[in-house]
$ cat query26.cif   # mmCIF, C-alpha atoms
data_query
#
loop_
_atom_site.label_atom_id
_atom_site.label_comp_id
_atom_site.auth_asym_id
_atom_site.auth_seq_id
_atom_site.Cartn_x
_atom_site.Cartn_y
_atom_site.Cartn_z
CA MET A 161 -44.71 -70.37 -60.88
CA GLU A 162 -43.09 -66.97 -61.32
CA SER A 163 -45.51 -64.22 -62.07
CA PHE A 164 -44.41 -61.39 -64.28
CA GLN A 165 -46.10 -58.12 -65.04
CA ASN A 166 -47.51 -58.15 -68.53
CA THR A 167 -47.07 -54.40 -68.91
CA GLN A 168 -43.26 -54.57 -69.03
CA PRO A 169 -41.01 -56.59 -71.33
CA ILE A 170 -40.73 -60.00 -69.73
CA TYR A 171 -37.10 -60.47 -70.74
CA LEU A 172 -36.22 -57.38 -68.68
CA GLN A 173 -38.10 -58.78 -65.69
CA ILE A 174 -36.22 -62.07 -66.00
CA MET A 175 -32.92 -60.16 -66.22
CA ASN A 176 -33.78 -58.20 -63.05
CA LEU A 177 -34.79 -61.35 -61.23
CA ILE A 178 -31.54 -63.13 -62.09
CA LYS A 179 -29.49 -60.01 -61.26
CA LYS A 180 -31.07 -59.88 -57.83
CA GLN A 181 -30.31 -63.56 -57.35
CA ILE A 182 -26.68 -63.02 -58.36
CA ALA A 183 -26.31 -59.97 -56.11
CA THR A 184 -27.76 -61.79 -53.11
CA SER A 185 -25.79 -65.02 -53.67
CA VAL A 186 -28.82 -67.16 -54.48
CA PHE A 187 -26.55 -67.93 -57.41
CA ASN A 188 -22.91 -68.24 -56.45
CA PRO A 189 -20.02 -67.01 -58.62
CA GLY A 190 -19.24 -69.63 -61.25
CA GLN A 191 -22.45 -71.54 -60.61
CA LEU A 192 -23.91 -73.34 -63.59
CA LEU A 193 -27.32 -72.14 -64.74
CA GLU A 194 -30.20 -74.38 -65.79
CA SER A 195 -30.71 -74.74 -69.54
CA VAL A 196 -32.86 -72.23 -71.41
CA ARG A 197 -35.67 -74.75 -71.69
CA GLU A 198 -35.53 -75.62 -68.00
CA LEU A 199 -35.62 -71.94 -67.04
CA ALA A 200 -38.56 -71.41 -69.41
CA MET A 201 -40.42 -74.17 -67.54
CA ILE A 202 -39.56 -72.64 -64.18
CA TYR A 203 -40.72 -69.16 -65.20
CA GLN A 204 -43.54 -70.50 -67.43
CA VAL A 205 -42.51 -68.29 -70.32
CA ASN A 206 -41.34 -68.76 -73.87
CA PRO A 207 -37.79 -70.20 -74.21
CA ASN A 208 -36.84 -67.40 -76.63
CA THR A 209 -37.66 -64.86 -73.93
CA VAL A 210 -35.28 -66.62 -71.52
CA GLN A 211 -32.67 -66.80 -74.29
CA ARG A 212 -32.92 -63.06 -74.83
CA ALA A 213 -32.58 -62.31 -71.10
CA LEU A 214 -29.50 -64.54 -70.83
CA SER A 215 -27.89 -63.03 -73.94
CA GLU A 216 -28.32 -59.57 -72.47
CA LEU A 217 -26.86 -60.70 -69.13
CA GLU A 218 -23.97 -62.16 -71.07
CA ARG A 219 -23.46 -58.86 -72.85
CA GLU A 220 -23.36 -57.16 -69.45
CA GLY A 221 -20.70 -59.65 -68.34
CA LEU A 222 -22.77 -61.21 -65.54
CA VAL A 223 -23.25 -64.53 -67.27
CA ARG A 224 -20.69 -66.44 -69.32
CA SER A 225 -21.18 -69.30 -71.67
CA GLU A 226 -18.94 -72.12 -72.70
CA ARG A 227 -19.92 -74.34 -75.54
CA THR A 228 -19.45 -77.68 -73.84
CA ILE A 229 -20.56 -76.73 -70.34
CA GLY A 230 -23.41 -74.29 -70.75
CA ARG A 231 -24.05 -70.96 -69.10
CA TYR A 232 -22.69 -70.04 -65.72
CA ILE A 233 -22.64 -67.02 -63.40
CA THR A 234 -19.56 -64.84 -63.73
CA LYS A 235 -16.65 -65.61 -61.39
CA ASP A 236 -15.74 -61.92 -61.33
CA GLU A 237 -16.51 -61.02 -57.70
CA ALA A 238 -15.77 -57.33 -58.28
CA ALA A 239 -18.46 -57.27 -60.99
CA ILE A 240 -20.90 -58.94 -58.61
CA ALA A 241 -20.11 -56.43 -55.85
CA GLN A 242 -20.64 -53.64 -58.38
CA LEU A 243 -23.97 -55.16 -59.40
CA HIS A 244 -25.05 -55.30 -55.77
CA GLN A 245 -24.10 -51.65 -55.33
CA ASN A 246 -26.02 -50.66 -58.48
CA LEU A 247 -29.15 -52.42 -57.28
CA VAL A 248 -28.89 -50.74 -53.87
CA ASP A 249 -28.40 -47.34 -55.56
CA GLU A 250 -31.39 -47.87 -57.81
CA ALA A 251 -33.67 -48.91 -54.95
CA THR A 252 -32.48 -45.98 -52.86
CA SER A 253 -33.04 -43.45 -55.63
CA THR A 254 -36.52 -44.78 -56.25
CA TYR A 255 -37.37 -44.47 -52.57
CA ILE A 256 -35.91 -40.99 -52.21
CA ASN A 257 -37.66 -39.71 -55.34
CA ASN A 258 -40.97 -41.02 -54.06
CA VAL A 259 -40.72 -39.37 -50.65
CA LEU A 260 -39.34 -36.12 -52.10
CA GLU A 261 -42.52 -35.96 -54.16
CA LEU A 262 -44.37 -36.14 -50.84
CA HIS A 263 -42.38 -33.09 -49.72
CA LEU A 264 -40.36 -34.81 -47.01
CA SER A 265 -37.20 -33.00 -45.95
CA PRO A 266 -33.91 -34.94 -45.73
CA GLU A 267 -34.23 -34.91 -41.92
CA GLU A 268 -37.76 -36.24 -42.10
CA ILE A 269 -36.66 -38.96 -44.52
CA LEU A 270 -33.96 -40.10 -42.10
CA THR A 271 -36.34 -40.02 -39.13
CA THR A 272 -38.99 -42.00 -41.00
CA VAL A 273 -36.53 -44.62 -42.16
CA LYS A 274 -34.94 -44.96 -38.74
CA SER A 275 -38.23 -45.31 -36.93
CA ARG A 276 -39.49 -47.82 -39.50
CA LEU A 277 -36.32 -49.88 -39.11
CA LYS A 278 -36.79 -49.88 -35.32
CA GLY A 279 -40.18 -51.44 -35.92
CA ASP A 280 -42.37 -48.46 -35.02
CA ASN A 281 -45.17 -47.26 -37.22
CA THR A 282 -45.67 -50.58 -39.05
CA MET B 750 -42.09 -72.46 -92.05
CA ILE B 751 -45.54 -71.05 -92.93
CA GLU B 752 -45.80 -68.61 -95.83
CA ILE B 753 -49.17 -66.97 -96.46
CA LYS B 754 -49.27 -64.81 -99.58
CA ASN B 755 -52.15 -62.55 -100.62
CA VAL B 756 -54.78 -64.87 -99.18
CA THR B 757 -58.36 -63.72 -99.60
CA LYS B 758 -61.40 -65.77 -98.65
CA THR B 759 -65.04 -64.83 -99.02
CA TYR B 760 -68.21 -66.55 -97.80
CA ASP B 761 -71.08 -65.83 -100.20
CA GLY B 762 -69.41 -62.62 -101.31
CA LYS B 763 -68.70 -61.48 -97.75
CA PRO B 764 -64.97 -61.17 -97.10
CA ALA B 765 -63.60 -63.28 -94.22
CA LEU B 766 -59.91 -62.75 -95.01
CA ILE B 767 -58.60 -59.87 -97.08
CA ASN B 768 -55.18 -60.04 -98.68
CA VAL B 769 -53.43 -61.70 -95.73
CA ASN B 770 -49.63 -61.88 -95.91
CA LEU B 771 -47.67 -63.57 -93.14
CA SER B 772 -44.33 -65.30 -92.87
CA LEU B 773 -44.11 -67.38 -89.68
CA GLN B 774 -40.71 -68.69 -88.65
CA THR B 775 -39.78 -71.91 -86.93
CA GLY B 776 -38.84 -71.93 -83.23
CA LYS B 777 -41.52 -69.40 -82.30
CA ILE B 778 -44.76 -69.41 -80.36
CA ILE B 779 -47.11 -67.03 -82.11
CA GLY B 780 -50.46 -65.74 -80.90
CA LEU B 781 -53.22 -65.29 -83.46
CA LEU B 782 -55.48 -62.72 -81.85
CA GLY B 783 -58.72 -61.10 -82.90
CA PRO B 784 -62.32 -60.73 -81.78
CA ASN B 785 -64.95 -63.28 -82.79
CA GLY B 786 -65.51 -63.17 -86.54
CA SER B 787 -62.14 -61.60 -87.33
CA GLY B 788 -61.04 -64.58 -89.44
CA LYS B 789 -58.85 -66.57 -87.02
CA THR B 790 -60.57 -69.91 -87.51
CA THR B 791 -60.93 -69.34 -91.26
CA LEU B 792 -57.18 -68.82 -91.55
CA ILE B 793 -56.47 -71.88 -89.42
CA LYS B 794 -58.81 -74.02 -91.52
CA ILE B 795 -57.00 -72.90 -94.68
CA LEU B 796 -53.64 -73.87 -93.16
CA ASN B 797 -55.03 -77.31 -92.35
CA GLY B 798 -56.61 -77.92 -95.75
CA LEU B 799 -60.18 -77.75 -94.47
CA LEU B 800 -61.03 -74.79 -96.72
CA ARG B 801 -59.83 -74.86 -100.29
CA ASP B 802 -61.70 -72.18 -102.23
CA TYR B 803 -59.55 -69.17 -101.42
CA LYS B 804 -57.38 -66.86 -103.48
CA GLY B 805 -53.65 -66.55 -102.88
CA GLU B 806 -50.93 -68.98 -101.89
CA VAL B 807 -50.06 -70.94 -98.74
CA LEU B 808 -46.77 -72.82 -98.33
CA ILE B 809 -46.04 -75.06 -95.36
CA ASP B 810 -42.36 -75.93 -95.10
CA GLY B 811 -42.23 -75.31 -98.85
CA ASN B 812 -45.25 -77.50 -99.66
CA PRO B 813 -48.66 -76.37 -100.81
CA VAL B 814 -51.44 -77.53 -98.46
CA ASN B 815 -51.68 -81.26 -99.19
CA GLU B 816 -51.11 -84.61 -97.54
CA ILE B 817 -47.42 -83.81 -96.94
CA SER B 818 -48.17 -80.49 -95.30
CA LYS B 819 -50.89 -82.10 -93.16
CA SER B 820 -48.40 -84.68 -91.90
CA LEU B 821 -46.22 -81.79 -90.63
CA VAL B 822 -48.98 -80.03 -88.71
CA SER B 823 -50.43 -81.14 -85.39
CA TYR B 824 -53.79 -79.42 -85.24
CA LEU B 825 -56.10 -78.83 -82.27
CA PRO B 826 -59.48 -77.80 -83.71
CA ASP B 827 -61.83 -75.52 -81.83
CA ARG B 828 -64.27 -78.38 -81.38
CA ASN B 829 -64.19 -82.10 -80.81
CA TYR B 830 -63.86 -84.16 -83.98
CA LEU B 831 -63.42 -87.65 -82.51
CA PRO B 832 -66.46 -89.92 -82.13
CA ASN B 833 -67.88 -89.43 -78.65
CA TRP B 834 -67.48 -93.08 -77.65
CA THR B 835 -63.69 -92.81 -78.14
CA ASN B 836 -61.50 -93.25 -75.07
CA ALA B 837 -57.72 -92.86 -74.81
CA GLU B 838 -57.06 -96.40 -76.03
CA GLY B 839 -59.18 -95.81 -79.12
CA ALA B 840 -57.62 -92.43 -79.80
CA ILE B 841 -54.13 -93.89 -79.52
CA LYS B 842 -55.01 -96.47 -82.20
CA ILE B 843 -56.37 -93.74 -84.49
CA PHE B 844 -53.37 -91.45 -84.02
CA LYS B 845 -50.85 -94.29 -84.46
CA ASP B 846 -52.50 -95.11 -87.77
CA LEU B 847 -52.68 -91.54 -88.96
CA TYR B 848 -49.39 -90.03 -87.81
CA GLN B 849 -45.89 -91.48 -87.92
CA ASP B 850 -44.67 -88.86 -85.46
CA PHE B 851 -47.16 -89.89 -82.75
CA ASP B 852 -45.48 -90.86 -79.47
CA GLU B 853 -47.71 -93.27 -77.55
CA GLU B 854 -45.58 -93.24 -74.40
CA LYS B 855 -45.78 -89.46 -74.25
CA MET B 856 -49.55 -89.62 -74.66
CA ARG B 857 -49.87 -92.06 -71.76
CA SER B 858 -47.69 -89.95 -69.49
CA LEU B 859 -49.59 -86.77 -70.45
CA PHE B 860 -52.85 -88.50 -69.63
CA ALA B 861 -51.56 -89.29 -66.17
CA LYS B 862 -50.24 -85.75 -65.68
CA LEU B 863 -53.58 -84.26 -66.74
CA ASN B 864 -55.48 -86.59 -64.36
CA LEU B 865 -57.46 -88.26 -67.14
CA ASP B 866 -58.76 -91.81 -67.03
CA PRO B 867 -57.65 -93.67 -70.20
CA LYS B 868 -60.75 -95.89 -70.08
CA GLN B 869 -63.26 -93.03 -69.93
CA PRO B 870 -64.99 -92.21 -73.24
CA LEU B 871 -65.31 -88.62 -74.43
CA LYS B 872 -69.10 -88.61 -73.97
CA LYS B 873 -68.65 -89.06 -70.21
CA MET B 874 -66.16 -86.22 -69.92
CA SER B 875 -66.71 -82.61 -68.89
CA LYS B 876 -65.84 -79.88 -71.39
CA GLY B 877 -62.53 -79.21 -69.63
CA MET B 878 -61.61 -82.89 -69.64
CA LYS B 879 -62.34 -83.12 -73.37
CA GLU B 880 -60.04 -80.19 -74.06
CA LYS B 881 -57.26 -81.78 -72.02
CA PHE B 882 -57.84 -85.10 -73.80
CA GLN B 883 -57.44 -83.53 -77.24
CA LEU B 884 -54.50 -81.41 -76.20
CA ALA B 885 -52.71 -84.52 -74.91
CA LEU B 886 -53.18 -86.15 -78.30
CA VAL B 887 -52.03 -83.13 -80.27
CA MET B 888 -48.96 -82.48 -78.09
CA SER B 889 -47.94 -86.14 -78.30
CA ARG B 890 -46.94 -85.69 -81.92
CA ASN B 891 -43.36 -84.65 -82.64
CA ALA B 892 -44.58 -82.24 -85.26
CA LYS B 893 -42.87 -79.37 -87.08
CA ILE B 894 -45.91 -77.17 -86.58
CA TYR B 895 -48.59 -77.09 -83.89
CA ILE B 896 -51.75 -75.13 -84.61
CA LEU B 897 -53.98 -74.77 -81.56
CA ASP B 898 -57.38 -73.14 -82.03
CA GLU B 899 -58.62 -71.75 -78.68
CA PRO B 900 -56.81 -74.31 -76.49
CA ILE B 901 -57.97 -72.70 -73.23
CA GLY B 902 -61.42 -71.56 -74.34
CA GLY B 903 -63.55 -74.00 -72.40
CA VAL B 904 -61.64 -74.56 -69.19
CA ASP B 905 -61.57 -72.88 -65.80
CA PRO B 906 -58.60 -70.69 -64.81
CA ALA B 907 -56.90 -73.43 -62.76
CA ALA B 908 -56.95 -75.81 -65.70
CA ARG B 909 -55.69 -73.04 -68.01
CA GLU B 910 -52.40 -72.94 -66.18
CA LEU B 911 -52.04 -76.70 -66.53
CA ILE B 912 -52.80 -76.52 -70.26
CA LEU B 913 -50.25 -73.76 -70.86
CA LYS B 914 -47.67 -75.73 -68.92
CA THR B 915 -48.45 -78.77 -71.05
CA ILE B 916 -47.97 -76.78 -74.26
CA LEU B 917 -44.67 -75.27 -73.06
CA GLU B 918 -43.26 -78.56 -71.84
CA ASN B 919 -44.22 -80.62 -74.83
CA TYR B 920 -43.87 -78.76 -78.10
CA ALA B 921 -41.00 -80.17 -80.10
CA PRO B 922 -37.94 -77.87 -79.96
CA GLU B 923 -37.48 -75.79 -83.11
CA SER B 924 -41.11 -76.26 -84.09
CA LEU B 925 -43.56 -73.48 -84.78
CA VAL B 926 -46.57 -73.09 -82.48
CA LEU B 927 -49.53 -70.99 -83.62
CA ILE B 928 -52.20 -70.39 -80.97
CA SER B 929 -55.46 -68.58 -81.55
CA THR B 930 -57.24 -67.19 -78.51
CA HIS B 931 -59.40 -64.41 -77.22
CA LEU B 932 -58.18 -64.99 -73.62
CA ILE B 933 -55.02 -62.95 -74.04
CA ALA B 934 -54.10 -62.14 -70.44
CA ASP B 935 -53.92 -65.80 -69.47
CA ILE B 936 -51.55 -66.78 -72.22
CA GLU B 937 -49.51 -63.77 -73.33
CA GLN B 938 -46.44 -64.76 -71.29
CA ILE B 939 -45.70 -67.67 -73.60
CA PHE B 940 -45.84 -65.80 -76.91
CA ASP B 941 -42.85 -64.60 -78.94
CA SER B 942 -44.97 -62.46 -81.19
CA VAL B 943 -48.60 -61.81 -81.96
CA VAL B 944 -50.72 -61.29 -85.05
CA PHE B 945 -53.76 -59.02 -84.68
CA LEU B 946 -56.53 -59.89 -87.12
CA LYS B 947 -59.22 -57.23 -87.59
CA GLU B 948 -62.13 -57.84 -89.93
CA GLY B 949 -60.10 -60.28 -91.99
CA GLN B 950 -56.97 -58.17 -92.22
CA VAL B 951 -53.62 -58.35 -90.47
CA VAL B 952 -53.29 -55.04 -88.62
CA LEU B 953 -50.22 -55.95 -86.56
CA PHE B 954 -47.50 -58.60 -86.45
CA GLU B 955 -44.98 -57.75 -83.73
CA ASP B 956 -42.68 -59.11 -81.04
CA VAL B 957 -44.53 -59.07 -77.67
CA ASP B 958 -41.72 -57.52 -75.63
CA THR B 959 -41.35 -54.81 -78.28
CA ILE B 960 -45.05 -53.99 -77.83
CA ARG B 961 -44.66 -53.89 -74.04
CA GLN B 962 -41.59 -51.68 -74.36
CA THR B 963 -42.93 -49.20 -76.89
CA GLN B 964 -46.53 -49.05 -75.64
CA GLY B 965 -45.92 -49.57 -71.91
CA LYS B 966 -48.93 -51.85 -71.99
CA SER B 967 -49.66 -55.53 -71.74
CA ILE B 968 -50.65 -57.29 -74.95
CA GLU B 969 -54.20 -57.51 -73.67
CA GLU B 970 -54.37 -53.76 -72.96
CA TYR B 971 -52.89 -52.94 -76.34
CA PHE B 972 -55.33 -55.33 -78.01
CA LYS B 973 -58.25 -53.55 -76.35
CA GLU B 974 -56.90 -50.22 -77.57
CA VAL B 975 -56.50 -51.40 -81.17
CA PHE B 976 -59.93 -53.05 -81.26
CA ARG B 977 -61.88 -50.35 -79.45
CA CYS B 978 -64.97 -49.52 -81.48
#
$ encode --input "query26.cif" --output "structure tokens"
Amino acid sequence: MESFQNTQPIYLQIMNLIKKQIATSVFNPGQLLESVRELAMIYQVNPNTVQRALSELEREGLVRSERTIGRYITKDEAAIAQLHQNLVDEATSTYINNVLELHLSPEEILTTVKSRLKGDNT
Amino acid sequence: MIEIKNVTKTYDGKPALINVNLSLQTGKIIGLLGPNGSGKTTLIKILNGLLRDYKGEVLIDGNPVNEISKSLVSYLPDRNYLPNWTNAEGAIKIFKDLYQDFDEEKMRSLFAKLNLDPKQPLKKMSKGMKEKFQLALVMSRNAKIYILDEPIGGVDPAARELILKTILENYAPESLVLISTHLIADIEQIFDSVVFLKEGQVVLFEDVDTIRQTQGKSIEEYFKEVFRC
């Protein structure tokens, strides 16, 4: 069962989850999505909440719907690459803002990240 | 689907509900939230025709509360109302007699899913088993409206998850589900919107994600803020 944070709108959390899955190819371009009711069962949330998340993703062009088939992930690979880039940018900004608040210099940030990636200091 | 207009109910001159107005739409799961004594069960009893001496008007799918409206509502009361020697077989007979929309096959499969023994009578069941038993019956109706009074009140946290799953997987599509509870954190993920009842009055009726967005709080946290003494 997926666990969401009750302090943030759940439809936004579902959107972010699906975006991450699109960006990391858990969902492939053009892949058919489960029905709203099935997704509601998977996430253990209200079907209307799933519906809202999917409508928003549709508005953003990441999900398409066709009456007879259902909803599927966009086939637009440029849009998916852009989504991936946006998610990377967001995560990077969050990280940088956090360590800037701790008064790390750009050099120190790079050193910390590099050493962490080498497996030191874990 | 449910229209409640200017409903006031007093017990011996003490107000239990004061001028309640609500319009509840189909296709939604709505939480009816309030501390003990706020009027939740009184309102639910009025919707189910168990209390009649109130002022105001209630319409259920266009009908006043009567035999027709009762046939539309699948109601889980806050306490057991079946005789305590009843087992699943007996309950199936009763429900088949009472409700045309009762689905016996569904009931049997729910019993299996909830790990209940169809031969075991209610009197030999734990509190949690009784709640699951009644929920299985109520969710086996293909009703237009489900009204569940404290469906997770008497069960341990592990069983709560199973009960919520059962509600989500079994309510008829496009029906209205009204759930009263004081255990908000466990259940708030399945609501569309919530009604806050405070001392017999509706103080809030709002979409849950709107509350989370505007308040930056969970429904439970916001509830505690609104009801802080």
$ resolve_selection --input "query26.cif" --expression "the PyMOL selection byres ((chain A) within 9 of (chain B))" --output "list in words"
Phe164, Gln165, Asn166, Thr167, Gln168, Pro169, Ile170, Tyr171, Leu172, Arg197, Ala200, Met201, Gln204, Val205, Asn206, Pro207, Asn208 and Thr209 of chain A
$ residues_near_point --input "query26.cif" --point "(-53.8, -84.6, -68.4)" --cutoff "9 Å" --atoms "only C-alpha atoms" --output "PDB file with C-alpha atoms, in the frame of the given file"
ATOM      1  CA  SER B 858     -47.690 -89.950 -69.490  1.00  0.00           C
ATOM      2  CA  LEU B 859     -49.590 -86.770 -70.450  1.00  0.00           C
ATOM      3  CA  PHE B 860     -52.850 -88.500 -69.630  1.00  0.00           C
ATOM      4  CA  ALA B 861     -51.560 -89.290 -66.170  1.00  0.00           C
ATOM      5  CA  LYS B 862     -50.240 -85.750 -65.680  1.00  0.00           C
ATOM      6  CA  LEU B 863     -53.580 -84.260 -66.740  1.00  0.00           C
ATOM      7  CA  ASN B 864     -55.480 -86.590 -64.360  1.00  0.00           C
ATOM      8  CA  LEU B 865     -57.460 -88.260 -67.140  1.00  0.00           C
ATOM      9  CA  ASP B 866     -58.760 -91.810 -67.030  1.00  0.00           C
ATOM     10  CA  MET B 878     -61.610 -82.890 -69.640  1.00  0.00           C
ATOM     11  CA  LYS B 881     -57.260 -81.780 -72.020  1.00  0.00           C
ATOM     12  CA  PHE B 882     -57.840 -85.100 -73.800  1.00  0.00           C
ATOM     13  CA  LEU B 884     -54.500 -81.410 -76.200  1.00  0.00           C
ATOM     14  CA  ALA B 885     -52.710 -84.520 -74.910  1.00  0.00           C
ATOM     15  CA  LEU B 911     -52.040 -76.700 -66.530  1.00  0.00           C
ATOM     16  CA  ILE B 912     -52.800 -76.520 -70.260  1.00  0.00           C
ATOM     17  CA  THR B 915     -48.450 -78.770 -71.050  1.00  0.00           C
TER      18      THR B 915
END
$ atom_distance --input "query26.cif" --atom1 "atom CA of Gln883 of chain B" --atom2 "atom CA of Gly783 of chain B"
23.2 Å
$ atom_distance --input "query26.cif" --atom1 "atom CA of Ile256 of chain A" --atom2 "atom CA of Ser275 of chain A"
16.0 Å
$ residues_around --input "query26.cif" --residues "Asn188 of chain A" --least-positions-apart "3" --cutoff "12 Å" --atoms "only C-alpha atoms" --output "PyMOL selection string"
chain A and resi 178-185+191-193+222-223+232-237+240
$ write_last_selection --input "query26.cif" --atoms "C-alpha atoms" --output "tab-separated table (two decimals), keeping the file's coordinate frame"
chain	number	residue	atom	x	y	z
A	178	ILE	CA	-31.54	-63.13	-62.09
A	179	LYS	CA	-29.49	-60.01	-61.26
A	180	LYS	CA	-31.07	-59.88	-57.83
A	181	GLN	CA	-30.31	-63.56	-57.35
A	182	ILE	CA	-26.68	-63.02	-58.36
A	183	ALA	CA	-26.31	-59.97	-56.11
A	184	THR	CA	-27.76	-61.79	-53.11
A	185	SER	CA	-25.79	-65.02	-53.67
A	191	GLN	CA	-22.45	-71.54	-60.61
A	192	LEU	CA	-23.91	-73.34	-63.59
A	193	LEU	CA	-27.32	-72.14	-64.74
A	222	LEU	CA	-22.77	-61.21	-65.54
A	223	VAL	CA	-23.25	-64.53	-67.27
A	232	TYR	CA	-22.69	-70.04	-65.72
A	233	ILE	CA	-22.64	-67.02	-63.40
A	234	THR	CA	-19.56	-64.84	-63.73
A	235	LYS	CA	-16.65	-65.61	-61.39
A	236	ASP	CA	-15.74	-61.92	-61.33
A	237	GLU	CA	-16.51	-61.02	-57.70
A	240	ILE	CA	-20.90	-58.94	-58.61
$ resolve_selection --input "query26.cif" --expression "the PyMOL selection byres ((chain B and resi 807) around 12)" --output "VMD selection string"
chain B and resid 750 to 757 769 to 773 792 to 798 800 to 801 803 to 806 808 to 815 818
$ atom_distance --input "query26.cif" --atom1 "atom CA of Leu782 of chain B" --atom2 "atom CA of Asp905 of chain B"
19.9 Å
$ residues_around --input "query26.cif" --residues "Arg231 of chain A" --least-positions-apart "3" --cutoff "12 Å" --atoms "all atoms listed in the file" --output "MDAnalysis selection string"
chainID A and resid 189:196 199 211 214:215 217:218 221:228 234:235
$ resolve_selection --input "query26.cif" --expression "the PyMOL selection byres ((chain B and resi 781) around 6)" --output "JSON, numbers by chain"
{"B": [780, 782, 928, 929, 943, 944]}
$ closest_residue --input "query26.cif" --among "B:Val952, B:Leu946, B:Ile817, B:Leu847" --to "Gly786 of chain B" --atoms "only C-alpha atoms"
B:Leu946
$ closest_residue --input "query26.cif" --among "B:Arg909, B:Lys763, B:Lys789, B:Lys845" --to "His931 of chain B" --atoms "all atoms listed in the file"
B:Lys789
$ residues_around --input "query26.cif" --residues "Val259 of chain A" --least-positions-apart "4" --cutoff "12 Å" --atoms "all atoms listed in the file" --output "MDAnalysis selection string"
chainID A and resid 252:255 263:270 272:273
